[in-house]
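Here's model.pdb, which has PDB, C-alpha atoms:
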MODEL        1
ATOM      1  CA  MET A  47      -8.916   7.901 -26.251
ATOM      2  CA  ALA A  48      -9.351   5.440 -23.377
ATOM      3  CA  LYS A  49     -12.643   3.540 -23.392
ATOM      4  CA  THR A  50     -14.909   4.267 -20.430
ATOM      5  CA  PRO A  51     -15.399   0.969 -18.592
ATOM      6  CA  PRO A  52     -18.998  -0.259 -18.756
ATOM      7  CA  MET A  53     -21.213   0.409 -15.732
ATOM      8  CA  VAL A  54     -22.246  -2.772 -13.965
ATOM      9  CA  LEU A  55     -24.730  -1.140 -11.579
ATOM     10  CA  ASN A  56     -27.344   1.508 -12.305
ATOM     11  CA  GLU A  57     -28.249   4.123  -9.735
ATOM     12  CA  ASP A  58     -31.281   2.236  -8.429
ATOM     13  CA  GLU A  59     -29.317  -0.953  -7.913
ATOM     14  CA  ALA A  60     -26.477   0.914  -6.230
ATOM     15  CA  LEU A  61     -28.905   2.709  -3.921
ATOM     16  CA  GLU A  62     -30.562  -0.549  -2.993
ATOM     17  CA  LEU A  63     -27.228  -1.989  -1.947
ATOM     18  CA  LEU A  64     -26.177   1.197  -0.179
ATOM     19  CA  ALA A  65     -29.401   1.173   1.817
ATOM     20  CA  PHE A  66     -28.948  -2.479   2.707
ATOM     21  CA  LEU A  67     -25.404  -1.922   3.990
ATOM     22  CA  ILE A  68     -26.300   1.150   6.021
ATOM     23  CA  THR A  69     -29.365  -0.407   7.614
ATOM     24  CA  ALA A  70     -27.509  -3.652   8.279
ATOM     25  CA  ALA A  71     -24.863  -1.656  10.141
ATOM     26  CA  ARG A  72     -27.643  -0.380  12.397
ATOM     27  CA  THR A  73     -29.590  -3.608  12.806
ATOM     28  CA  GLN A  74     -26.407  -5.449  13.676
ATOM     29  CA  LEU A  75     -26.352  -3.555  16.987
ATOM     30  CA  ASP A  76     -29.521  -5.384  18.025
ATOM     31  CA  GLU A  77     -28.780  -8.776  16.508
ATOM     32  CA  ALA A  78     -26.617 -11.766  17.326
ATOM     33  CA  SER A  79     -23.026 -11.071  16.388
ATOM     34  CA  GLU A  80     -23.030 -14.062  14.026
ATOM     35  CA  TYR A  81     -25.381 -12.138  11.740
ATOM     36  CA  GLY A  82     -22.478  -9.842  10.861
ATOM     37  CA  SER A  83     -20.985 -12.296   8.364
ATOM     38  CA  LEU A  84     -24.419 -13.332   7.162
ATOM     39  CA  ARG A  85     -25.438  -9.768   6.304
ATOM     40  CA  LEU A  86     -22.168  -9.064   4.522
ATOM     41  CA  LEU A  87     -22.547 -12.176   2.408
ATOM     42  CA  THR A  88     -26.130 -11.246   1.620
ATOM     43  CA  ALA A  89     -24.864  -7.887   0.395
ATOM     44  CA  ALA A  90     -22.187  -9.633  -1.695
ATOM     45  CA  ASN A  91     -24.804 -11.939  -3.216
ATOM     46  CA  ARG A  92     -27.148  -9.052  -4.052
ATOM     47  CA  LEU A  93     -24.268  -7.160  -5.628
ATOM     48  CA  GLY A  94     -23.368 -10.301  -7.567
ATOM     49  CA  ASP A  95     -26.950 -10.736  -8.768
ATOM     50  CA  ALA A  96     -27.064  -7.172 -10.049
ATOM     51  CA  MET A  97     -23.679  -7.407 -11.766
ATOM     52  CA  ALA A  98     -23.769 -10.906 -13.220
ATOM     53  CA  GLU A  99     -25.151 -10.136 -16.681
ATOM     54  CA  ARG A 100     -22.887  -7.120 -17.256
ATOM     55  CA  VAL A 101     -19.441  -8.394 -16.320
ATOM     56  CA  SER A 102     -16.723 -10.411 -18.007
ATOM     57  CA  PRO A 103     -17.149 -14.215 -18.232
ATOM     58  CA  ALA A 104     -14.414 -14.719 -15.629
ATOM     59  CA  THR A 105     -16.089 -12.422 -13.100
ATOM     60  CA  ARG A 106     -19.451 -14.017 -13.845
ATOM     61  CA  ALA A 107     -17.927 -17.405 -13.102
ATOM     62  CA  LEU A 108     -16.822 -16.111  -9.680
ATOM     63  CA  LEU A 109     -20.277 -14.675  -8.942
ATOM     64  CA  THR A 110     -22.198 -17.764 -10.011
ATOM     65  CA  GLY A 111     -19.700 -20.342  -8.753
ATOM     66  CA  PRO A 112     -17.746 -19.870  -5.513
ATOM     67  CA  LEU A 113     -19.985 -17.032  -4.248
ATOM     68  CA  ARG A 114     -23.066 -19.261  -4.466
ATOM     69  CA  LYS A 115     -21.464 -22.127  -2.561
ATOM     70  CA  VAL A 116     -21.942 -20.586   0.879
ATOM     71  CA  PRO A 117     -25.628 -21.135   1.838
ATOM     72  CA  GLU A 118     -27.520 -17.893   2.279
ATOM     73  CA  LEU A 119     -28.522 -18.579   5.877
ATOM     74  CA  ALA A 120     -25.299 -20.174   7.067
ATOM     75  CA  VAL A 121     -24.080 -18.871  10.404
ATOM     76  CA  ARG A 122     -20.943 -19.656  12.304
ATOM     77  CA  THR A 123     -22.582 -21.139  15.377
ATOM     78  CA  ALA A 124     -24.047 -24.031  13.366
ATOM     79  CA  ASP A 125     -20.606 -25.402  12.503
ATOM     80  CA  LEU A 126     -17.755 -22.995  13.009
ATOM     81  CA  ALA A 127     -15.077 -25.147  11.364
ATOM     82  CA  ASP A 128     -17.134 -25.784   8.219
ATOM     83  CA  TYR A 129     -18.282 -22.172   8.000
ATOM     84  CA  THR A 130     -14.742 -20.888   8.411
ATOM     85  CA  ALA A 131     -13.446 -23.287   5.759
ATOM     86  CA  ALA A 132     -16.207 -22.280   3.342
ATOM     87  CA  LEU A 133     -15.412 -18.603   3.755
ATOM     88  CA  ASP A 134     -11.686 -19.245   3.401
ATOM     89  CA  ASP A 135     -12.396 -21.111   0.147
ATOM     90  CA  LEU A 136     -14.422 -18.158  -1.075
ATOM     91  CA  CYS A 137     -11.701 -15.680  -0.096
ATOM     92  CA  ARG A 138      -9.136 -17.841  -1.881
ATOM     93  CA  ALA A 139     -11.270 -17.800  -5.036
ATOM     94  CA  VAL A 140     -11.665 -14.026  -4.780
ATOM     95  CA  GLY A 141      -7.917 -13.562  -4.367
ATOM     96  CA  GLU A 142      -7.203 -15.735  -7.400
ATOM     97  CA  HIS A 143      -9.793 -13.894  -9.476
ATOM     98  CA  LEU A 144      -8.434 -10.460  -8.523
ATOM     99  CA  VAL A 145      -4.922 -11.506  -9.545
ATOM    100  CA  GLY A 146      -6.169 -12.548 -12.972
ATOM    101  CA  HIS A 147      -8.597  -9.678 -13.468
ATOM    102  CA  PHE A 148      -6.172  -6.907 -12.536
ATOM    103  CA  GLY A 149      -3.139  -8.611 -14.023
ATOM    104  CA  VAL A 150      -1.088  -8.713 -10.815
ATOM    105  CA  ASP A 151       2.458  -9.826 -11.586
ATOM    106  CA  ARG A 152       3.293 -12.686  -9.210
ATOM    107  CA  SER A 153       6.690 -13.413 -10.671
ATOM    108  CA  VAL A 154       9.654 -12.905  -8.356
ATOM    109  CA  PRO A 155      11.317  -9.553  -9.125
TER     110      PRO A 155
ATOM    111  CA  MET B 190      25.055  20.133  42.603
ATOM    112  CA  THR B 191      21.388  20.716  43.186
ATOM    113  CA  GLY B 192      18.620  19.750  40.828
ATOM    114  CA  ALA B 193      18.408  23.412  39.826
ATOM    115  CA  ASP B 194      22.077  23.402  38.819
ATOM    116  CA  ALA B 195      21.978  20.103  36.929
ATOM    117  CA  ALA B 196      22.165  20.290  33.146
ATOM    118  CA  PRO B 197      18.861  19.442  31.499
ATOM    119  CA  SER B 198      18.854  15.803  30.441
ATOM    120  CA  ALA B 199      19.526  15.189  26.770
ATOM    121  CA  PRO B 200      16.427  14.221  24.821
ATOM    122  CA  ASN B 201      15.882  10.488  24.660
ATOM    123  CA  PRO B 202      15.104   9.726  21.000
ATOM    124  CA  VAL B 203      13.759   6.261  21.736
ATOM    125  CA  LEU B 204      11.279   7.482  24.350
ATOM    126  CA  ALA B 205      10.431  10.433  22.111
ATOM    127  CA  ALA B 206       9.598   8.083  19.228
ATOM    128  CA  ILE B 207       7.519   5.856  21.521
ATOM    129  CA  ARG B 208       5.601   8.802  22.908
ATOM    130  CA  SER B 209       4.950  10.511  19.575
ATOM    131  CA  ARG B 210       4.064   7.457  17.500
ATOM    132  CA  ARG B 211       0.445   7.179  16.360
ATOM    133  CA  MET B 212      -1.385   4.832  14.017
ATOM    134  CA  VAL B 213      -1.394   6.638  10.659
ATOM    135  CA  ARG B 214      -4.473   5.990   8.541
ATOM    136  CA  ALA B 215      -4.054   8.669   5.864
ATOM    137  CA  MET B 216      -0.927   8.756   3.728
ATOM    138  CA  ILE B 217       0.108  10.915   0.787
ATOM    139  CA  ASP B 218       0.845   9.612  -2.682
ATOM    140  CA  ARG B 219       4.636   9.625  -2.409
ATOM    141  CA  PRO B 220       6.904   6.593  -2.745
ATOM    142  CA  ILE B 221       9.247   5.638   0.084
ATOM    143  CA  GLU B 222      12.935   5.753  -0.710
ATOM    144  CA  ARG B 223      14.458   2.285  -0.933
ATOM    145  CA  ALA B 224      17.204   3.215   1.525
ATOM    146  CA  LYS B 225      14.604   4.162   4.152
ATOM    147  CA  LEU B 226      12.641   0.968   3.617
ATOM    148  CA  GLU B 227      15.812  -1.058   4.037
ATOM    149  CA  LYS B 228      16.571   0.732   7.325
ATOM    150  CA  VAL B 229      13.092  -0.111   8.601
ATOM    151  CA  LEU B 230      13.552  -3.761   7.610
ATOM    152  CA  GLU B 231      16.989  -3.888   9.163
ATOM    153  CA  ALA B 232      15.448  -2.683  12.433
ATOM    154  CA  ALA B 233      12.943  -5.550  12.289
ATOM    155  CA  ARG B 234      15.817  -8.008  12.003
ATOM    156  CA  TRP B 235      16.874  -6.834  15.479
ATOM    157  CA  ALA B 236      13.420  -7.229  17.047
ATOM    158  CA  PRO B 237      13.349  -9.514  20.072
ATOM    159  CA  ASN B 238      12.248 -13.039  19.177
ATOM    160  CA  ALA B 239      12.017 -16.231  21.195
ATOM    161  CA  GLY B 240      15.216 -18.235  21.288
ATOM    162  CA  ASN B 241      16.725 -16.037  18.569
ATOM    163  CA  ARG B 242      15.107 -18.478  16.131
ATOM    164  CA  HIS B 243      13.819 -15.797  13.744
ATOM    165  CA  LEU B 244      10.668 -17.675  12.792
ATOM    166  CA  HIS B 245       9.256 -14.781  10.796
ATOM    167  CA  ARG B 246       9.469 -13.705   7.198
ATOM    168  CA  PHE B 247       8.657 -10.349   5.709
ATOM    169  CA  VAL B 248       7.091  -9.759   2.312
ATOM    170  CA  VAL B 249       7.449  -6.133   1.195
ATOM    171  CA  VAL B 250       4.951  -4.863  -1.363
ATOM    172  CA  GLN B 251       5.434  -1.578  -3.177
ATOM    173  CA  ASP B 252       3.795  -2.275  -6.537
ATOM    174  CA  PRO B 253       0.751   0.078  -6.658
ATOM    175  CA  LEU B 254      -1.474  -2.481  -8.372
ATOM    176  CA  THR B 255      -0.678  -5.220  -5.869
ATOM    177  CA  LEU B 256      -1.264  -2.766  -3.015
ATOM    178  CA  ARG B 257      -4.638  -1.896  -4.529
ATOM    179  CA  VAL B 258      -5.617  -5.561  -4.701
ATOM    180  CA  LEU B 259      -4.380  -6.241  -1.165
ATOM    181  CA  ARG B 260      -6.617  -3.445   0.081
ATOM    182  CA  MET B 261      -9.576  -5.149  -1.570
ATOM    183  CA  VAL B 262      -9.107  -8.204   0.630
ATOM    184  CA  ALA B 263      -8.205  -6.308   3.813
ATOM    185  CA  PRO B 264     -11.266  -4.681   5.385
ATOM    186  CA  GLY B 265      -9.051  -3.224   8.106
ATOM    187  CA  MET B 266      -6.844  -1.275   5.670
ATOM    188  CA  PHE B 267      -8.113   2.289   5.695
ATOM    189  CA  GLN B 268      -4.893   3.791   4.407
ATOM    190  CA  ARG B 269      -3.476   3.751   0.886
ATOM    191  CA  PRO B 270       0.151   3.072   1.794
ATOM    192  CA  ALA B 271       3.242   3.426  -0.342
ATOM    193  CA  ALA B 272       4.463   0.075   0.974
ATOM    194  CA  VAL B 273       3.218  -2.799   3.081
ATOM    195  CA  VAL B 274       5.397  -5.150   5.108
ATOM    196  CA  VAL B 275       3.512  -8.425   5.543
ATOM    197  CA  ILE B 276       4.763 -10.225   8.657
ATOM    198  CA  CYS B 277       4.476 -13.987   8.199
ATOM    199  CA  ILE B 278       5.110 -16.818  10.649
ATOM    200  CA  ASP B 279       7.288 -19.575   9.225
ATOM    201  CA  GLN B 280       5.133 -22.433  10.518
ATOM    202  CA  GLY B 281       7.323 -24.946   8.696
ATOM    203  CA  ARG B 282      10.438 -23.918  10.650
ATOM    204  CA  ALA B 283       8.411 -23.658  13.845
ATOM    205  CA  VAL B 284       7.376 -27.300  13.471
ATOM    206  CA  SER B 285      11.032 -28.250  12.950
ATOM    207  CA  PHE B 286      11.679 -26.835  16.440
ATOM    208  CA  GLY B 287       8.824 -28.951  17.827
ATOM    209  CA  MET B 288       6.477 -25.975  18.172
ATOM    210  CA  ARG B 289       2.735 -26.292  17.589
ATOM    211  CA  PRO B 290       1.179 -23.659  15.302
ATOM    212  CA  THR B 291      -0.821 -22.218  18.212
ATOM    213  CA  VAL B 292       2.176 -21.603  20.457
ATOM    214  CA  LYS B 293       1.827 -18.057  21.771
ATOM    215  CA  GLY B 294       5.491 -17.168  21.311
ATOM    216  CA  LEU B 295       5.059 -17.162  17.537
ATOM    217  CA  TYR B 296       2.407 -14.464  17.814
ATOM    218  CA  ILE B 297       4.168 -12.467  20.508
ATOM    219  CA  ASP B 298       7.121 -12.235  18.123
ATOM    220  CA  VAL B 299       4.815 -10.892  15.381
ATOM    221  CA  GLY B 300       4.027  -8.111  17.847
ATOM    222  CA  THR B 301       7.638  -7.350  18.700
ATOM    223  CA  ALA B 302       8.543  -7.269  14.995
ATOM    224  CA  ALA B 303       5.615  -4.959  14.290
ATOM    225  CA  GLN B 304       6.437  -2.595  17.133
ATOM    226  CA  THR B 305      10.066  -2.436  15.997
ATOM    227  CA  LEU B 306       8.957  -1.643  12.433
ATOM    228  CA  LEU B 307       6.571   1.036  13.699
ATOM    229  CA  LEU B 308       9.212   2.774  15.824
ATOM    230  CA  ALA B 309      11.851   2.564  13.094
ATOM    231  CA  ALA B 310       9.373   4.133  10.661
ATOM    232  CA  GLN B 311       8.532   6.862  13.176
ATOM    233  CA  SER B 312      12.212   7.669  13.665
ATOM    234  CA  LEU B 313      12.645   8.121   9.898
ATOM    235  CA  GLY B 314       9.681  10.472   9.448
ATOM    236  CA  LEU B 315       7.379   7.815   8.015
ATOM    237  CA  GLY B 316       3.827   7.086   9.112
ATOM    238  CA  ALA B 317       2.814   3.530   9.873
ATOM    239  CA  GLY B 318      -0.311   1.594  10.763
ATOM    240  CA  VAL B 319      -0.974  -2.085  11.430
ATOM    241  CA  VAL B 320      -3.737  -4.166   9.873
ATOM    242  CA  THR B 321      -4.815  -7.571  11.123
ATOM    243  CA  SER B 322      -8.251  -7.648   9.506
ATOM    244  CA  PHE B 323      -7.604  -9.349   6.162
ATOM    245  CA  SER B 324      -8.253 -12.658   4.505
ATOM    246  CA  GLN B 325      -5.160 -14.815   4.980
ATOM    247  CA  ALA B 326      -6.383 -17.129   2.211
ATOM    248  CA  ALA B 327      -6.777 -14.339  -0.342
ATOM    249  CA  VAL B 328      -3.519 -12.633   0.616
ATOM    250  CA  MET B 329      -1.615 -15.911   0.198
ATOM    251  CA  ARG B 330      -2.954 -16.187  -3.335
ATOM    252  CA  VAL B 331      -2.281 -12.575  -4.245
ATOM    253  CA  LEU B 332       1.321 -12.673  -2.970
ATOM    254  CA  ASN B 333       2.134 -16.287  -3.863
ATOM    255  CA  ILE B 334       2.871 -17.050  -0.208
ATOM    256  CA  PRO B 335       3.675 -20.745   0.195
ATOM    257  CA  GLY B 336       1.673 -22.950   2.556
ATOM    258  CA  HIS B 337       4.294 -23.173   5.299
ATOM    259  CA  LEU B 338       4.113 -19.388   5.905
ATOM    260  CA  SER B 339       1.082 -17.711   7.476
ATOM    261  CA  PRO B 340       0.586 -13.961   6.927
ATOM    262  CA  GLU B 341      -0.384 -12.494  10.306
ATOM    263  CA  MET B 342      -0.078  -8.712  10.134
ATOM    264  CA  PHE B 343       0.391  -5.883   7.664
ATOM    265  CA  VAL B 344       2.526  -2.893   8.614
ATOM    266  CA  CYS B 345       1.437  -0.140   6.230
ATOM    267  CA  LEU B 346       4.078   2.518   5.557
ATOM    268  CA  GLY B 347       3.910   5.913   3.918
ATOM    269  CA  TYR B 348       4.396   9.623   4.386
ATOM    270  CA  PRO B 349       1.571  10.823   6.645
ATOM    271  CA  ALA B 350      -1.095  13.169   5.323
ATOM    272  CA  ALA B 351      -1.441  16.467   7.167
ATOM    273  CA  ILE B 352      -4.962  15.641   8.289
ATOM    274  CA  GLN B 353      -5.613  12.291   9.939
ATOM    275  CA  PRO B 354      -8.992  10.687  10.647
ATOM    276  CA  PRO B 355      -9.825  10.562  14.361
ATOM    277  CA  GLY B 356      -8.307   7.523  16.041
ATOM    278  CA  MET B 357     -10.065   4.866  18.078
ATOM    279  CA  ARG B 358     -10.944   6.416  21.421
ATOM    280  CA  ALA B 359      -9.961   4.589  24.582
ATOM    281  CA  ARG B 360     -13.128   3.494  26.399
ATOM    282  CA  THR B 361     -11.816   5.076  29.603
ATOM    283  CA  ARG B 362      -8.863   7.361  30.178
ATOM    284  CA  VAL B 363      -5.686   5.327  30.476
ATOM    285  CA  THR B 364      -2.500   6.226  32.318
ATOM    286  CA  TRP B 365       0.469   4.001  33.080
ATOM    287  CA  GLN B 366      -0.656   4.079  36.688
ATOM    288  CA  SER B 367      -4.128   2.711  35.785
ATOM    289  CA  LEU B 368      -2.487  -0.154  33.905
ATOM    290  CA  THR B 369       0.002  -1.106  36.594
ATOM    291  CA  ASP B 370       0.055  -2.938  39.890
ATOM    292  CA  TRP B 371       3.282  -3.264  41.867
ATOM    293  CA  GLU B 372       4.582  -6.637  43.044
ATOM    294  CA  ARG B 373       1.123  -8.280  43.060
ATOM    295  CA  PHE B 374      -2.541  -7.560  42.668
ATOM    296  CA  PRO B 375      -4.364  -6.259  45.753
ATOM    297  CA  ALA B 376      -5.945  -9.078  47.751
ATOM    298  CA  GLY B 377      -9.670  -9.432  47.257
ATOM    299  CA  ASP B 378      -9.682  -7.225  44.172
ATOM    300  CA  ASP B 379     -11.951  -9.651  42.302
ATOM    301  CA  ALA B 380     -13.715  -6.910  40.361
ATOM    302  CA  ARG B 381     -10.527  -6.267  38.372
ATOM    303  CA  SER B 382      -9.791  -9.912  37.440
TER     304      SER B 382
ENDMDL
END

Translate the structure described by the file into structure tokens.
Amino acid sequence: MAKTPPMVLNEDEALELLAFLITAARTQLDEASEYGSLRLLTAANRLGDAMAERVSPATRALLTGPLRKVPELAVRTADLADYTAALDDLCRAVGEHLVGHFGVDRSVP
Amino acid sequence: MTGADAAPSAPNPVLAAIRSRRMVRAMIDRPIERAKLEKVLEAARWAPNAGNRHLHRFVVVQDPLTLRVLRMVAPGMFQRPAAVVVICIDQGRAVSFGMRPTVKGLYIDVGTAAQTLLLAAQSLGLGAGVVTSFSQAAVMRVLNIPGHLSPEMFVCLGYPAAIQPPGMRARTRVTWQSLTDWERFPAGDDARS
């Protein structure tokens, strides 16, 4: 019988994140557009905080390493080139982690 | 022979495909036959491109796990396609022709390739939708895309679901007449520029 994967979020934690995302969608209408990325990263960090103790060592390394490198209040208008590069680095790390975690076959068919 | 006597004009399949094509954002769980995919790709080979230089490469993904991971790094991918054609610019070859990476022709040709893929898919009974909202950095890692190629657009392919989510509404009603001026813009029409 297949093992049920462990839950990494309880209902309260999931609701907290859900509420954050929904309200951020609304508040974004009244805020500077640069807050879009900021809010999304805040959500990612909160999700990471909730998950960190319950996930595999490799996922924990992603959550505590590359995800933490982008400062919490960074916005693109401060330094667009640096901010873009930082987010690209983070996306690259996420891509690499997903390949390893899900076992994507990158060999040429 | 009067207009009333003239035989009705034969249907124009190209115009029919153009007129009936829609972005498809819901697809059923059915693989696409290899022969059909190859026909779609062969159409893209004939897409117009500047100087006939063919500065684009296509990466076709059908593996369900890889598609699932791609969707994780593509916020614009609503659909769960049976295949994705990733249109990449070969920046390395572009440089060899003395072209800067920002030259608009490279991106115009992504569009012509995409439109050709979309119409070919439509003609074969497939649904298709484009995605430009994805992380290039993550996609390059997931698909092992080398540094001299830049992934610019996904064309998602699959058999369309019977019920589609509502599309993006045009802000105002659009007709070809509202989009067109003849010969030149009207003098003094600053409000439109």

Proximity to Cys137 of chain A - best of A:Thr123, A:Leu63, A:Val116, A:Leu93, only C-alpha atoms: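 Once distances to Cys137 of chain A are computed over only C-alpha atoms, the minimum belongs to A:Val116.
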
Could you please select, counting all atoms listed in the file, the residues of chain B within 12 Å of chain A and state them as an NGL selection string? :B and (248-264 or 323-334)

Resolved residues for the PyMOL selection byres ((chain B and resi 305) around 9) as a PyMOL selection string: chain B and resi 229+232-237+300-304+306-310

Non-local contacts of Arg214 of chain B (9 Å; all atoms listed in the file; under 2 positions in same chain excluded) as a PDB file with C-alpha atoms, keeping the file's coordinate frame:
ATOM      1  CA  MET B 212      -1.385   4.832  14.017  1.00  0.00           C
ATOM      2  CA  MET B 216      -0.927   8.756   3.728  1.00  0.00           C
ATOM      3  CA  MET B 266      -6.844  -1.275   5.670  1.00  0.00           C
ATOM      4  CA  PHE B 267      -8.113   2.289   5.695  1.00  0.00           C
ATOM      5  CA  GLN B 268      -4.893   3.791   4.407  1.00  0.00           C
ATOM      6  CA  ARG B 269      -3.476   3.751   0.886  1.00  0.00           C
ATOM      7  CA  PRO B 270       0.151   3.072   1.794  1.00  0.00           C
ATOM      8  CA  GLY B 316       3.827   7.086   9.112  1.00  0.00           C
ATOM      9  CA  ALA B 317       2.814   3.530   9.873  1.00  0.00           C
ATOM     10  CA  GLY B 318      -0.311   1.594  10.763  1.00  0.00           C
ATOM     11  CA  CYS B 345       1.437  -0.140   6.230  1.00  0.00           C
ATOM     12  CA  PRO B 349       1.571  10.823   6.645  1.00  0.00           C
ATOM     13  CA  ALA B 350      -1.095  13.169   5.323  1.00  0.00           C
ATOM     14  CA  GLN B 353      -5.613  12.291   9.939  1.00  0.00           C
ATOM     15  CA  PRO B 354      -8.992  10.687  10.647  1.00  0.00           C
ATOM     16  CA  GLY B 356      -8.307   7.523  16.041  1.00  0.00           C
TER      17      GLY B 356
END

Using the chain letters and residue numbers of this document, give as a list in words the residues selected by the PyMOL selection byres ((chain B and resi 242) around 12).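 With the PyMOL selection byres ((chain B and resi 242) around 12) on this model, the match is Arg234, Trp235, Ala236, Pro237, Asn238, Ala239, Gly240, Asn241, His243, Leu244, His245, Arg246, Ile278, Asp279, Arg282, Ala283, Ser285, Phe286, Met288, Gly294, Leu295 and Asp298 of chain B.
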
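Distances from A:Leu126, A:Ala131, A:Ala65, A:Leu87 to Leu113 of chain A were compared using all atoms listed in the file, and the smallest one belongs to A:Leu87.
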
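Going from atom CA of Gly377 of chain B to atom CA of Arg362 of chain B covers 24.0 Å.
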
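With distances taken over all atoms listed in the file, A:Glu80 is the one residue among A:Glu99, A:Glu57, A:Glu80, A:Glu62 lying closest to Tyr129 of chain A.
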
My list of candidates is B:Val284, B:Ala272, B:Ala199, B:Ala215. Which is closest to Ala351 of chain B when distances are computed with all atoms listed in the file? B:Ala215

Hey, can you check how far atom CA of Ala224 of chain B sits from atom CA of Met342 of chain B?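 Distance between the two atoms: 22.7 Å.
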
Return the single residue from A:His147, A:Ala89, A:Ala120, A:Glu77 that is closest to Ala104 of chain A, with distances computed using all atoms listed in the file. A:His147

Separation of atom CA of Cys277 of chain B and atom CA of Val299 of chain B, in Å?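 The value is 7.8 Å.
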
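Distances to Val121 of chain A were evaluated for A:Arg85, A:Ala98, A:Pro155, A:Leu108 using all atoms listed in the file, and the minimum falls at A:Arg85.
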
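Selection check: the PyMOL selection byres ((chain B and resi 343) around 8) on the shown file gives Val273, Val274, Val275, Ile276, Val319, Val320, Thr321, Glu341, Met342, Val344 and Cys345 of chain B.
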